[in-house]
Amino acid sequence: MHFLSFLTVSLITLGSAFVLPGTTPQQTILPNHYLEANKRQESEAQSEIPFGVIITHCNIPGVVALTFDDGPYIYTGQILETLSQHGARATFFMNGVNKGNIDSFPELVQRAVNEGHQIASHTWGHASLDTLSYAEIIAQMTNLEEAFLRILGFYPSYMRAPYLMVTADVLAAMKALEYHIIGASIDTKDYENDDPEHSWRSFEKFRAELDGGGTIVLAHDTHRTTVEVLVDNMISEIEERGHEMVTIGECLGDPPEYWYRDGR
Ligand code: CO
């Protein structure tokens, strides 16, 4: 938009400079082009992925979307390193306040974006949304938007409800705020097996649900064993099967310009 305005102004200026004596400047064609371009942009500026609908599977074949909830936290950096070593991309569903406070980890949020991962919303305070009023649900989303605006200058259009708790009010609120709701088709339950002796249980659940056609994997970057054991095992398994590890937006075929907004 800014670029087009600049271009139009430049062309008009240029055009005026070359008007021959005795002729009328023919500038009208340029604003028309500008309006046409704007109209085209408006009609295209809409993700094809629906808002306010729960999505649990990828749309494109041969990919797995690893997702990590509840961060940013002290273990998030190690996950970023592991993902980077394997050329894997993932999605982080972040809270404002959970085990950590997002304003304590701005560099991790920015780094995840810089390294090709997707940032999404997991609400401000991780409350179970069925316990909140419609207005409180909206506030849970918009408060975190403010934090993302402070840290990144934009905020996500994807979210996952805490505890996957989605009510009619949640669907309506996410539709109103234009959020894509992401569920999971592989739930590692890594929080139940958060020690090296039991992590295999989460890994076996992951493998079984992968066998069953699951593609969106739910784990947490707030659990030490997830970061130190489970993630490495999951990545090895995915690599062995020849799948690519991509972000949620990529796995749905949604172009990156629709993953974030910079205002309402
Ligand atoms: Co959570």
# chains A, B, ... in the order shown; residues from 1 in each chain; ligands from 1

call {"tool": "residues_near_ligand", "arguments": {"ligand": "ligand 1", "cutoff": "8 Å", "atoms": "only C-alpha atoms and all ligand atoms", "output": "list in words"}}
result
Asp69, Asp70, His122, His126, Ala161, Pro162, Tyr163, Leu164 and His220 of chain A

call {"tool": "closest_atom_pairs", "arguments": {"of": "range 155-258 of chain A", "to": "range 94-103 of chain A", "cutoff": "10 Å", "atoms": "only C-alpha atoms", "output": "Markdown table"}}
result
| residue | atom | partner | partner_atom | distance |
| --- | --- | --- | --- | --- |
| A:Met159 | CA | A:Met94 | CA | 8.9 |
| A:Arg160 | CA | A:Met94 | CA | 9.2 |
| A:Pro162 | CA | A:Asn95 | CA | 9.5 |
| A:Asp221 | CA | A:Met94 | CA | 9.7 |
| A:Thr222 | CA | A:Lys99 | CA | 7.3 |

call {"tool": "write_last_selection", "arguments": {"atoms": "N, CA and C atoms", "output": "short mmCIF file (atom, residue, chain, number, x, y, z; two decimals), in the first residue's frame"}}
result
data_model
loop_
_atom_site.label_atom_id
_atom_site.label_comp_id
_atom_site.auth_asym_id
_atom_site.auth_seq_id
_atom_site.Cartn_x
_atom_site.Cartn_y
_atom_site.Cartn_z
N MET A 159 -4.41 -19.71 16.82
CA MET A 159 -4.43 -19.91 18.27
C MET A 159 -4.75 -21.37 18.59
N ARG A 160 -4.39 -21.75 19.81
CA ARG A 160 -4.85 -23.04 20.37
C ARG A 160 -5.41 -22.75 21.75
N PRO A 162 -6.24 -23.32 25.61
CA PRO A 162 -5.67 -24.10 26.71
C PRO A 162 -6.53 -25.33 26.99
N ASP A 221 7.07 -26.92 25.39
CA ASP A 221 8.47 -26.52 25.58
C ASP A 221 8.71 -26.07 27.02
N THR A 222 7.81 -26.41 27.92
CA THR A 222 7.99 -26.07 29.34
C THR A 222 8.39 -27.29 30.15
#

call {"tool": "residues_around", "arguments": {"residues": "range 252-260 of chain A", "least_positions_apart": "3", "cutoff": "7 Å", "atoms": "only C-alpha atoms", "output": "list in words"}}
result
Ser47, Ile49, Cys58, Asn59, Ile60, Phe154, Tyr155, Pro156, Ser157, Tyr158, Ile248 and Gly249 of chain A

call {"tool": "select_by_dssp", "arguments": {"residues": "range 13-237 of chain A", "states": "strand (DSSP E)", "output": "ChimeraX atom specification"}}
result
/A:54-55,63-69,90-94,118-121,155-156,158-159,180-182,186-187,216-220

call {"tool": "closest_atom_pairs", "arguments": {"of": "range 56-116 of chain A", "to": "range 194-214 of chain A", "cutoff": "12 Å", "atoms": "only C-alpha atoms", "output": "JSON lines"}}
result
{"residue": "A:Thr56", "atom": "CA", "partner": "A:Gly214", "partner_atom": "CA", "distance": 8.3}
{"residue": "A:His57", "atom": "CA", "partner": "A:Gly214", "partner_atom": "CA", "distance": 6.7}
{"residue": "A:Cys58", "atom": "CA", "partner": "A:Gly214", "partner_atom": "CA", "distance": 8.6}
{"residue": "A:Asn59", "atom": "CA", "partner": "A:Gly214", "partner_atom": "CA", "distance": 11.5}
{"residue": "A:Pro61", "atom": "CA", "partner": "A:Gly213", "partner_atom": "CA", "distance": 10.5}
{"residue": "A:Gly62", "atom": "CA", "partner": "A:Gly213", "partner_atom": "CA", "distance": 10.7}
{"residue": "A:Val63", "atom": "CA", "partner": "A:Gly214", "partner_atom": "CA", "distance": 10.2}
{"residue": "A:Val64", "atom": "CA", "partner": "A:Gly214", "partner_atom": "CA", "distance": 8.3}
{"residue": "A:Ala65", "atom": "CA", "partner": "A:Gly214", "partner_atom": "CA", "distance": 9.6}
{"residue": "A:Leu66", "atom": "CA", "partner": "A:Phe206", "partner_atom": "CA", "distance": 11.0}

call {"tool": "write_last_selection", "arguments": {"atoms": "C-alpha atoms", "output": "CSV table (one decimal), in the first residue's frame"}}
result
chain,number,residue,atom,x,y,z
A,56,THR,CA,-6.6,-30.9,13.7
A,57,HIS,CA,-4.8,-32.1,10.5
A,58,CYS,CA,-2.5,-30.8,7.8
A,59,ASN,CA,-3.9,-30.2,4.3
A,61,PRO,CA,0.8,-34.6,2.2
A,62,GLY,CA,4.2,-35.7,3.5
A,63,VAL,CA,4.5,-33.2,6.3
A,64,VAL,CA,4.3,-33.1,10.1
A,65,ALA,CA,3.6,-30.0,12.1
A,66,LEU,CA,5.4,-30.1,15.5

call {"tool": "atom_distance", "arguments": {"atom1": "CA of Thr131 in chain A", "atom2": "CA of Ala90 in chain A"}}
result
29.7 Å

call {"tool": "atom_distance", "arguments": {"atom1": "CA of Gln110 in chain A", "atom2": "CA of Ile151 in chain A"}}
result
7.3 Å

call {"tool": "closest_residue", "arguments": {"among": "A:Leu83, A:Leu177, A:Leu218, A:Ala168", "to": "Tyr191 in chain A", "atoms": "only C-alpha atoms"}}
result
A:Leu218

call {"tool": "closest_residue", "arguments": {"among": "A:Gly125, A:Gly71, A:Gly77, A:Gly52", "to": "Glu228 in chain A", "atoms": "only C-alpha atoms"}}
result
A:Gly77
